[in-house]
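Q: My questions all concern the structure below.
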Amino acid sequence: MDLNFTSEEAAFRRQVRAWLDDNLPTSGLRGFDRNADRDQSTLNRLKAWQRRVQEAGYLALAWPKEYGGQAMDPVRQSIVNEEMVRAKAPALIGGMGIAMVGPTLISWGDDEQKTRYLPKILAAEEIWCQGYSEPGAGSDLASLRTRAILEGDEFVVNGQKVWTSNAHFADMMFCLVRTDPDAPKHRGISYVLIDMKTPGITVKPLVQMTGERGFNEVFFDNVRVPRQNLVGKLNEGWMVANATLFHERNMLGSTTTTRMLLNRLKALAASTMRGGRPLAQDPVFRQRLADLEIRVEAMNYHMLRQLTDSIRGRNPGLGAWVNKLVGTELNHDLATAAMEAMGDYATLARDDRHALDRGFWPYEWMFSLGLVIGGGTSHIQKNIIAERGLKLPKSR
Ligand SMILES: Cc1cc2nc3c(=O)[nH]c(=O)nc-3n(C[C@H](O)[C@H](O)[C@H](O)COP(=O)(O)OP(=O)(O)OC[C@H]3O[C@@H](n4cnc5c(N)ncnc54)[C@H](O)[C@@H]3O)c2cc1C
């Protein structure tokens with residue numbers, strides 16, 4: 001495992017940092033933006049921000065050059081990600097395209113699909129959502145029942161998706177449909193790309209516990225999808241779906257947010273008085289902070305090991321599942337510690353003028369709990385690690 005950055009990588013970090021100092025949006029979008037409920041004006045500004053990052057050459061650095069990337073190793077991308085969080089840059093609005101469907105298309109898409117979709121992902125011209133979960137098909141995703149029947153050169157899609165993040169403003173959906181209902185459940189599934197403006201699609205926002213419309217129900221009523229939007233082979237979409245899940249779990253388990261949360265928790269503990277002294281000097285709370293910091297460090301070394309593996313072309317193994325399990329739970333535990341540190345103030349929301357740390361923590365506590373569930377719950381990650389990594393018997 002390589003624990004050090006090279007001098008070129010250190011210079012690259014300085015260059016990214018200087019660019020961010022000069023180019024961060026000056027109003028409105030600054031700050032660590034976990035906000036899921038975006039109005040049109042915010043959306044436009046977030047798209048403009050993504051385009052600026054792309055023009056500077058800091059987007060999708062590991063993608064091949066012919067699709068708008070820089071063909072660089074993933075270390076550079078992780079440096080950019082870290083610096084973005086450090087600088088409190090706005091989140092990238094096209095994140096699901098850049099981190100999930102884009103890499104999937106690079107591996108599984110045909111040339112026409114790559115040329116058609118990848119540039120628009122990077123330029124934030126098309127925002128994507130993920131149509132996997134259904135009522136009755138969440139953890140057991142392969143039970144999905146949204147049906148697609150091939151009629152000539154088109155699929156006719158009927159059914160329902162649920163918890164579809166961003167569908168209320170997405171232009172495109174990567175979607176799992178059942179194309180052979182008689183095959184065993186992991187077969188007979190296909191991976192299709194659906195234009196969200198196609199007639200027959202109804203999107204109904206769902207309000208999350210944060211009070212925002214982050215995800216949606218999506219209904220398909222005789223929605224016609226061109227056959228050329230099939231990714232991979234007919235009825236063999238399960239492998240394509242898993243490629244996307246691999247990328248999703250890496251994205252959700254990223255350590256950059258975790259480090260930022262730890263630093264913010266330490267600052268809160270230093271400024272919060274308990275029993276006549278800062279909470280950071282309370283022996284019990286210090287134990288808690290030490291425990292969390294040890295977990296953050298362990299996660300950091302895990303990330304460095306994966307970067308080393310990926311540079312050396314080694315199989316990442318179950319790293320993505322460990323990232324998702326440990327990273328999302330750690331973020332939520334950091335937020336829980338902050339909530340306990342704040343006592344009664346933890347009940348004050350972001351818009352309350354008495355809220356500590358501008359109400360960041362109650363929102364983060366709720367939001368981070370969602371990420372423990374989204375992308376596959378912790379129980380499911382543990383099952384996968386146990387079965388595929390530790391070779392334990394399958395759960396029933
Ligand atoms: C914030 C958020 C955003 C999301 N965004 C999207 C999105 O954009 N697109 C999308 O398709 N989906 C999305 N989802 C859905 C998400 O993928 C599912 O919620 C998740 O896979 C769990 O499925 P479920 O909700 O149906 O719960 P269930 O599968 O019904 O699980 C209920 C409980 O049972 C446990 N459980 C189930 N099976 C097992 C087992 N075999 N062993 C042990 N425990 C088990 C689970 O861990 C959970 O605690 C999102 C969810 C959240 C919270």
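Identifiers in this document derive from the order of the structure tokens: chains are assigned A, B, ..., residues are numbered from 1 separately in each chain, and ligands are numbered from 1 in order of occurrence.
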Could you list, as a PyMOL selection string, all protein and nucleic acid residues with an atom at most 8 Å from ligand 1, counting only C-alpha atoms and all ligand atoms?
A: chain A and resi 129-141+161-167+208+214-215+367+369-380+383+395-396
Q: For Arg13 in chain A, please output as a list in words all residues within 7 Å (counting only C-alpha atoms; exclusion window: fewer than 4 positions along the same chain).
A: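 Answer for this query is Glu9, Arg17 and Ile79 of chain A.
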Q: Take the residues just selected and output them with N, CA, C and O atoms as a CSV table (one decimal), in the first residue's frame.
A:
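File produced: result_27.csv:
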```
chain,number,residue,atom,x,y,z
A,9,GLU,N,1.8,14.8,-7.6
A,9,GLU,CA,0.4,14.9,-7.0
A,9,GLU,C,0.2,16.0,-6.1
A,9,GLU,O,-0.8,16.7,-6.0
A,17,ARG,N,-6.4,23.6,-5.6
A,17,ARG,CA,-6.7,24.4,-4.4
A,17,ARG,C,-6.8,25.9,-4.9
A,17,ARG,O,-7.7,26.7,-4.6
A,79,ILE,N,-8.0,13.5,-5.3
A,79,ILE,CA,-7.4,14.8,-4.8
A,79,ILE,C,-8.5,15.9,-5.1
A,79,ILE,O,-8.7,16.7,-4.2
```
Q: Calculated over only C-alpha atoms, which of the candidates A:Pro103, A:Pro226, A:Pro205, A:Gly237 has the smallest distance to Arg178 in chain A?
A: A:Gly237
Q: Can you pull out the residues contacting Leu176 in chain A? Cut-off 8 Å, using only C-alpha atoms, and skip same-chain residues under 6 positions away; I want them as JSON, numbers by chain.
A: {"A": [131, 132, 144, 146, 189, 190, 191, 192, 237, 241]}
Q: Excluding Ser271 in chain A and residues on its chain fewer than 3 positions from it, collect all residues at most 12 Å away from it, counting only C-alpha atoms, and give them as a VMD selection string.
A: chain A and resid 264 to 268 274 276 to 281 338 341 to 342 356 to 357
Q: Write the residues of the preceding selection, restricted to N, CA, C and O atoms, as an mmCIF file, in the first residue's frame.
A:
```cif
data_model
loop_
_atom_site.group_PDB
_atom_site.id
_atom_site.type_symbol
_atom_site.label_atom_id
_atom_site.label_comp_id
_atom_site.auth_asym_id
_atom_site.auth_seq_id
_atom_site.Cartn_x
_atom_site.Cartn_y
_atom_site.Cartn_z
ATOM 1 N N ARG A 264 -15.680 19.222 11.661
ATOM 2 C CA ARG A 264 -16.768 20.097 12.108
ATOM 3 C C ARG A 264 -17.256 19.694 13.510
ATOM 4 O O ARG A 264 -17.592 20.542 14.338
ATOM 5 N N LEU A 265 -17.266 18.390 13.778
ATOM 6 C CA LEU A 265 -17.656 17.909 15.110
ATOM 7 C C LEU A 265 -16.649 18.380 16.161
ATOM 8 O O LEU A 265 -17.019 18.822 17.255
ATOM 9 N N LYS A 266 -15.363 18.325 15.817
ATOM 10 C CA LYS A 266 -14.338 18.770 16.778
ATOM 11 C C LYS A 266 -14.507 20.261 17.083
ATOM 12 O O LYS A 266 -14.364 20.690 18.235
ATOM 13 N N ALA A 267 -14.808 21.032 16.039
ATOM 14 C CA ALA A 267 -15.005 22.480 16.241
ATOM 15 C C ALA A 267 -16.224 22.714 17.141
ATOM 16 O O ALA A 267 -16.200 23.576 18.029
ATOM 17 N N LEU A 268 -17.265 21.927 16.941
ATOM 18 C CA LEU A 268 -18.469 22.057 17.775
ATOM 19 C C LEU A 268 -18.132 21.730 19.231
ATOM 20 O O LEU A 268 -18.524 22.445 20.161
ATOM 21 N N ARG A 274 -19.839 22.548 28.591
ATOM 22 C CA ARG A 274 -20.549 21.543 29.395
ATOM 23 C C ARG A 274 -19.877 21.502 30.771
ATOM 24 O O ARG A 274 -18.664 21.262 30.839
ATOM 25 N N GLY A 276 -19.061 23.920 32.742
ATOM 26 C CA GLY A 276 -18.071 24.971 32.929
ATOM 27 C C GLY A 276 -16.812 24.831 32.086
ATOM 28 O O GLY A 276 -15.856 25.581 32.257
ATOM 29 N N ARG A 277 -16.774 23.865 31.185
ATOM 30 C CA ARG A 277 -15.589 23.738 30.304
ATOM 31 C C ARG A 277 -16.037 23.247 28.935
ATOM 32 O O ARG A 277 -17.129 22.689 28.786
ATOM 33 N N PRO A 278 -15.190 23.488 27.930
ATOM 34 C CA PRO A 278 -15.581 23.026 26.589
ATOM 35 C C PRO A 278 -15.777 21.504 26.576
ATOM 36 O O PRO A 278 -15.026 20.774 27.236
ATOM 37 N N LEU A 279 -16.755 21.088 25.830
ATOM 38 C CA LEU A 279 -17.057 19.656 25.735
ATOM 39 C C LEU A 279 -15.835 18.865 25.265
ATOM 40 O O LEU A 279 -15.651 17.702 25.634
ATOM 41 N N ALA A 280 -14.999 19.507 24.463
ATOM 42 C CA ALA A 280 -13.800 18.830 23.957
ATOM 43 C C ALA A 280 -12.851 18.438 25.093
ATOM 44 O O ALA A 280 -11.943 17.624 24.897
ATOM 45 N N GLN A 281 -13.056 19.052 26.307
ATOM 46 C CA GLN A 281 -12.195 18.677 27.444
ATOM 47 C C GLN A 281 -12.878 17.700 28.381
ATOM 48 O O GLN A 281 -12.319 17.293 29.393
ATOM 49 N N ALA A 338 -22.661 14.689 17.345
ATOM 50 C CA ALA A 338 -22.897 16.140 17.346
ATOM 51 C C ALA A 338 -24.266 16.459 17.943
ATOM 52 O O ALA A 338 -24.410 17.413 18.727
ATOM 53 N N ALA A 341 -24.031 16.200 21.578
ATOM 54 C CA ALA A 341 -23.241 17.316 22.116
ATOM 55 C C ALA A 341 -24.098 18.576 22.237
ATOM 56 O O ALA A 341 -23.940 19.366 23.163
ATOM 57 N N MET A 342 -25.037 18.749 21.322
ATOM 58 C CA MET A 342 -25.826 19.994 21.300
ATOM 59 C C MET A 342 -26.982 19.985 22.302
ATOM 60 O O MET A 342 -27.584 21.021 22.556
ATOM 61 N N LEU A 356 -27.542 25.994 16.580
ATOM 62 C CA LEU A 356 -26.075 25.969 16.628
ATOM 63 C C LEU A 356 -25.548 25.535 15.262
ATOM 64 O O LEU A 356 -26.171 24.730 14.572
ATOM 65 N N ASP A 357 -24.366 26.026 14.898
ATOM 66 C CA ASP A 357 -23.726 25.659 13.632
ATOM 67 C C ASP A 357 -24.724 25.783 12.469
ATOM 68 O O ASP A 357 -24.772 24.952 11.566
#
```
Q: List the neighbours of range 251-258 of chain A out to 8 Å using only C-alpha atoms; skip same-chain residues closer than 2 positions along the sequence, and give me the result as a list in words.
A: Asn81, Glu82, Val85, Ala99, His247, Glu248, Arg249, Met260, Leu261, Leu262, Val296, Met299, Asn300, Met303, Ala320, Asn323, Lys324, Leu325, Val326, Gly327, Thr328, Leu330, Asn331, Leu371 and Gly375 of chain A
Q: Which residues come within 9 Å of range 48-51 of chain A, counting only C-alpha atoms, excluding same-chain residues fewer than 6 positions away, as a PyMOL selection string?
A: chain A and resi 24-25+59+90-94+122-124
Q: Name all residues at most 12 Å from Val231 in chain A (count only C-alpha atoms; drop same-chain ones fewer than 2 positions away) and give them as a ChimeraX atom specification.
A: /A:101-102,104-114,174-177,189-194,226-229,233-241,243-244
Q: How many Å separate CA of Met172 in chain A from CA of Pro64 in chain A?
A: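 That distance, rounded to one decimal, is 22.3 Å.
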Q: Ranking A:Gln54, A:Ser78, A:Gln287, A:Thr198 by minimum distance to Lys120 in chain A and counting only C-alpha atoms, which one comes first?
A: A:Gln54
Q: Check range 55-238 of chain A with DSSP on the backbone and list each residue it calls alpha helix (DSSP H), as a PyMOL selection string.
A: chain A and resi 55+74-86+95-96+102-108+111-122+237-238
Q: Emit the selected residues as a tab-separated table (two decimals), in the first residue's frame, including C-alpha atoms.
A:
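Saved file again_29.tsv follows:
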```
chain	number	residue	atom	x	y	z
A	55	GLU	CA	-13.93	23.48	-18.55
A	74	PRO	CA	-7.92	7.74	-9.85
A	75	VAL	CA	-5.54	9.43	-7.38
A	76	ARG	CA	-6.01	12.74	-9.21
A	77	GLN	CA	-9.77	12.38	-9.03
A	78	SER	CA	-9.61	11.67	-5.31
A	79	ILE	CA	-7.43	14.78	-4.83
A	80	VAL	CA	-10.03	16.92	-6.65
A	81	ASN	CA	-12.83	15.36	-4.56
A	82	GLU	CA	-10.98	16.10	-1.32
A	83	GLU	CA	-10.23	19.67	-2.30
A	84	MET	CA	-13.85	20.28	-3.33
A	85	VAL	CA	-15.08	19.26	0.12
A	86	ARG	CA	-12.31	21.19	1.87
A	95	GLY	CA	-23.25	13.29	-9.74
A	96	MET	CA	-25.30	10.20	-10.66
A	102	GLY	CA	-21.21	7.29	-17.07
A	103	PRO	CA	-18.66	4.67	-15.92
A	104	THR	CA	-21.26	1.95	-16.63
A	105	LEU	CA	-21.70	3.15	-20.22
A	106	ILE	CA	-17.93	3.33	-20.69
A	107	SER	CA	-17.75	-0.40	-19.83
A	108	TRP	CA	-21.07	-1.68	-21.20
A	111	ASP	CA	-20.14	3.34	-29.35
A	112	GLU	CA	-23.31	5.17	-30.29
A	113	GLN	CA	-24.48	5.29	-26.66
A	114	LYS	CA	-21.11	6.53	-25.44
A	115	THR	CA	-21.00	9.29	-28.04
A	116	ARG	CA	-24.61	10.24	-27.49
A	117	TYR	CA	-24.72	10.35	-23.68
A	118	LEU	CA	-21.29	10.86	-22.12
A	119	PRO	CA	-20.58	14.45	-23.29
A	120	LYS	CA	-24.02	15.60	-22.10
A	121	ILE	CA	-23.40	14.03	-18.69
A	122	LEU	CA	-20.22	16.03	-18.23
A	237	GLY	CA	-29.12	-6.49	-17.51
A	238	TRP	CA	-28.32	-7.86	-14.05
```
Q: Find, counting only C-alpha atoms, the residue in A:Phe12, A:Phe246, A:Phe169, A:Tyr345 that gets nearest to Arg213 in chain A.
A: A:Phe169
Q: Go through A:Gly232, A:Gly343, A:Asp21, A:Ala62 one by one, measure the shortest atom-to-atom distance of each to Ile311 in chain A using only C-alpha atoms, and give the residue with the smallest value.
A: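 Closest residue, counting only C-alpha atoms: A:Ala62.
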